[in-house]
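To be precise, the following lines are target.tsv, and they hold TSV, C-alpha atoms.
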```tsv
chain	number	residue	atom	x	y	z
A	1	MET	CA	236.01	99.79	-27.22
A	2	GLY	CA	237.21	102.26	-29.82
A	3	ARG	CA	238.97	101.71	-33.09
A	4	LYS	CA	240.82	98.57	-34.04
A	5	ALA	CA	244.57	98.77	-33.56
A	6	SER	CA	246.61	99.04	-36.75
A	7	GLY	CA	250.27	99.30	-37.44
A	8	LEU	CA	253.51	97.54	-36.77
A	9	PHE	CA	252.97	96.52	-33.10
A	10	ALA	CA	249.22	95.86	-33.25
A	11	ALA	CA	249.27	92.05	-33.06
A	12	LYS	CA	248.89	91.78	-29.28
A	13	ALA	CA	246.05	94.30	-29.17
A	14	LEU	CA	244.23	92.55	-32.03
A	15	GLY	CA	244.63	89.17	-30.29
A	16	ASN	CA	243.21	90.55	-27.04
A	17	ARG	CA	240.32	92.11	-28.92
A	18	ARG	CA	239.49	88.79	-30.61
A	19	ARG	CA	239.72	86.88	-27.31
A	20	CYS	CA	237.35	89.30	-25.55
A	21	GLY	CA	234.94	89.20	-28.46
A	22	LEU	CA	234.59	85.41	-28.21
A	23	TRP	CA	232.73	85.77	-24.90
A	24	CYS	CA	229.86	87.41	-26.79
A	25	ASP	CA	229.25	84.10	-28.58
A	26	LYS	CA	226.77	81.96	-26.59
A	27	ARG	CA	228.05	78.64	-28.03
A	28	TYR	CA	231.66	79.48	-27.12
A	29	VAL	CA	230.68	80.33	-23.53
A	30	ARG	CA	228.66	77.10	-23.08
A	31	ARG	CA	231.49	74.98	-24.51
A	32	THR	CA	234.28	76.69	-22.54
A	33	LEU	CA	232.54	76.64	-19.15
A	34	ASN	CA	231.13	73.08	-19.65
A	35	LEU	CA	227.62	74.37	-18.95
A	36	LYS	CA	225.88	71.50	-20.75
A	37	GLN	CA	227.52	68.82	-18.56
A	38	LYS	CA	226.82	70.81	-15.39
A	39	SER	CA	223.12	71.27	-16.12
A	40	ASP	CA	222.49	67.77	-17.52
A	41	PRO	CA	220.66	65.64	-14.92
A	42	LEU	CA	222.00	62.42	-16.48
A	43	GLU	CA	225.57	63.79	-16.19
A	44	GLY	CA	226.55	62.85	-19.74
A	45	ALA	CA	225.12	59.31	-19.64
A	46	SER	CA	222.70	58.15	-22.35
A	47	GLN	CA	220.37	56.39	-19.88
A	48	ALA	CA	219.67	56.57	-16.15
A	49	LYS	CA	217.76	54.65	-13.51
A	50	GLY	CA	215.17	56.31	-11.32
A	51	ILE	CA	212.10	55.84	-9.13
A	52	ILE	CA	208.63	57.06	-10.15
A	53	ILE	CA	207.38	59.65	-7.67
A	54	GLU	CA	204.04	60.50	-9.30
A	55	LYS	CA	202.19	60.16	-12.58
A	56	VAL	CA	201.21	63.45	-14.23
A	57	GLN	CA	199.40	64.60	-17.36
A	58	LEU	CA	200.71	67.58	-19.28
A	59	GLU	CA	198.72	69.58	-21.78
A	60	ALA	CA	200.22	69.67	-25.26
A	61	LYS	CA	201.26	72.94	-26.90
A	62	GLN	CA	198.97	74.81	-29.28
A	63	PRO	CA	197.16	73.90	-31.55
A	64	CYS	CA	196.82	70.39	-30.03
A	65	SER	CA	194.74	69.98	-26.91
A	66	GLY	CA	195.57	66.41	-25.87
A	67	MET	CA	196.87	65.34	-22.49
A	68	ARG	CA	200.33	63.75	-22.64
A	69	LYS	CA	200.99	60.98	-20.10
A	70	CYS	CA	204.19	61.60	-18.13
A	71	CYS	CA	205.70	60.89	-14.73
A	72	ARG	CA	208.03	62.57	-12.26
A	73	VAL	CA	211.16	60.45	-11.81
A	74	GLN	CA	213.79	60.84	-9.11
A	75	LEU	CA	217.17	59.72	-10.40
A	76	ILE	CA	219.10	57.28	-8.21
A	77	LYS	CA	222.58	58.54	-9.14
A	78	ASN	CA	222.14	62.15	-7.97
A	79	GLY	CA	218.62	62.59	-6.53
A	80	ARG	CA	217.51	65.05	-9.21
A	81	GLN	CA	213.91	65.02	-10.38
A	82	VAL	CA	212.95	65.01	-14.08
A	83	THR	CA	209.72	64.61	-16.01
A	84	ALA	CA	209.68	61.59	-18.34
A	85	PHE	CA	207.19	60.80	-21.11
A	86	PHE	CA	205.38	57.45	-21.52
A	87	PRO	CA	205.56	56.53	-25.22
A	88	LYS	CA	202.76	54.55	-26.88
A	89	ASP	CA	199.19	53.86	-25.86
A	90	GLY	CA	198.54	52.30	-22.45
A	91	ALA	CA	202.08	52.69	-21.14
A	92	LYS	CA	200.89	54.77	-18.19
A	93	ASP	CA	198.77	51.87	-16.90
A	94	MET	CA	201.77	49.52	-16.87
A	95	CYS	CA	203.59	51.38	-14.10
A	96	ASP	CA	202.83	52.40	-10.54
A	97	GLU	CA	204.42	54.80	-8.10
A	98	HIS	CA	207.75	53.62	-6.59
A	99	ASP	CA	208.49	51.45	-9.65
A	100	GLU	CA	212.07	51.48	-10.90
A	101	VAL	CA	212.39	52.83	-14.44
A	102	ILE	CA	215.14	53.50	-16.94
A	103	ILE	CA	214.88	56.74	-18.90
A	104	GLU	CA	216.68	57.99	-21.98
A	105	CYS	CA	216.75	61.15	-24.08
A	106	ILE	CA	213.64	61.71	-26.20
A	107	GLY	CA	215.77	62.95	-29.10
A	108	GLY	CA	214.55	66.48	-29.72
A	109	LYS	CA	216.73	68.97	-31.54
A	110	LYS	CA	219.79	70.15	-29.59
A	111	GLY	CA	218.74	68.10	-26.56
A	112	ARG	CA	215.56	70.12	-26.09
A	113	ALA	CA	211.97	68.91	-25.74
A	114	LYS	CA	210.49	67.07	-28.71
A	115	GLY	CA	207.19	67.71	-30.44
A	116	ASP	CA	204.32	69.30	-28.53
A	117	ILE	CA	205.32	68.27	-24.98
A	118	PRO	CA	206.62	71.37	-23.18
A	119	GLY	CA	209.76	70.90	-21.09
A	120	VAL	CA	209.91	67.09	-21.26
A	121	ARG	CA	213.27	65.81	-22.50
A	122	TRP	CA	213.21	62.18	-21.35
A	123	GLN	CA	211.17	59.05	-22.04
A	124	VAL	CA	210.65	55.78	-20.16
A	125	ILE	CA	212.06	52.65	-21.84
A	126	LYS	CA	212.07	50.04	-19.06
A	127	ILE	CA	209.93	49.36	-15.98
A	128	ASN	CA	211.38	47.11	-13.24
A	129	ASP	CA	214.10	45.92	-15.69
A	130	GLN	CA	211.50	44.83	-18.26
A	131	SER	CA	211.16	46.42	-21.67
A	132	LEU	CA	208.15	48.74	-21.91
A	133	ASP	CA	207.71	47.72	-25.55
A	134	ALA	CA	207.47	44.00	-24.66
A	135	LEU	CA	205.04	44.76	-21.83
A	136	LEU	CA	202.76	46.71	-24.17
A	137	ARG	CA	202.79	43.97	-26.81
A	138	GLY	CA	201.90	41.37	-24.18
A	139	LYS	CA	205.04	39.29	-24.66
A	140	ILE	CA	205.87	39.44	-20.94
A	141	GLU	CA	203.91	40.26	-17.79
A	142	LYS	CA	204.96	42.88	-15.30
A	143	ALA	CA	207.20	41.57	-12.52
A	144	ARG	CA	206.29	42.07	-8.89
A	145	LYS	CA	208.93	43.92	-6.90
```
The structure given in the file should be rewritten as structure tokens.
Amino acid sequence: MGRKASGLFAAKALGNRRRCGLWCDKRYVRRTLNLKQKSDPLEGASQAKGIIIEKVQLEAKQPCSGMRKCCRVQLIKNGRQVTAFFPKDGAKDMCDEHDEVIIECIGGKKGRAKGDIPGVRWQVIKINDQSLDALLRGKIEKARK
């Protein structure tokens, strides 16, 4: 690139240099090209509805060795598939394949995975329009669809 321009008529050259240098900043590029919205399966929404395709168990990251209960969910709005985590004990037994679920962000830092679950950014909060928390506490029984 050479030396920085200096002198009486250097303003335009300095402005161009600054503008080109911005594209080296990863955060600037993501913000300018709207890359977060384009890659987000929920398309900016906080929650989304989907259908359970299969139940899976993922191995936790080192040093833990537990199996985390998750499921593959196909979103209704755009057909994309995501992996969602079942919070709390016994939540996996409450749902079956082809159940309708509502998922939301798990809340990891910068929208990434949380804790020791690799690559899982979403969690199940409702099954067949019934709160997963209420189902686990026994306040309501699971509806038949």
Of the listed residues A:Ile117, A:Ile127, A:Ile53, A:Cys71, that which approaches Glu100 (chain A) most closely, counting all atoms listed in the file: A:Ile127
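Here CA of Leu136 (chain A) is placed at a distance of 18.6 Å from CA of Ile106 (chain A).
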Who sits within 10 Å of Pro118 (chain A), all atoms listed in the file, same chain under 6 positions skipped, as a list in words: Leu58, Glu59, Ala60, Lys61, Arg68 and Arg112 of chain A
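Considering the residues A:Trp122, A:Met94, A:Ala10, A:Glu104 and counting only C-alpha atoms, Ile140 (chain A) has its shortest atom-to-atom contact with A:Met94.
Comparing the minimum interatomic distances between Glu141 (chain A) and each of A:Thr83, A:Leu35, A:Ile125, A:Cys95, counting only C-alpha atoms, we find that A:Cys95 sits nearest.
The shell of residues at most 9 Å from Gln47 (chain A), with all atoms listed in the file counted and near chain neighbours (fewer than 5 positions) removed, consists of A:Leu42, A:Ile102, A:Ile103, A:Glu104, A:Cys105.
Separating CA of Gly108 (chain A) from CA of Ser46 (chain A) is a distance of 13.8 Å.
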Atom pair CA of Gly119 (chain A) / CA of Leu135 (chain A): separation (Å): 26.6 Å
Surrounding residues of Gln130 (chain A) excluding itself and chain neighbours under 4 positions, 8 Å, all atoms listed in the file, as a PyMOL selection string: chain A and resi 126+134-135+142-143
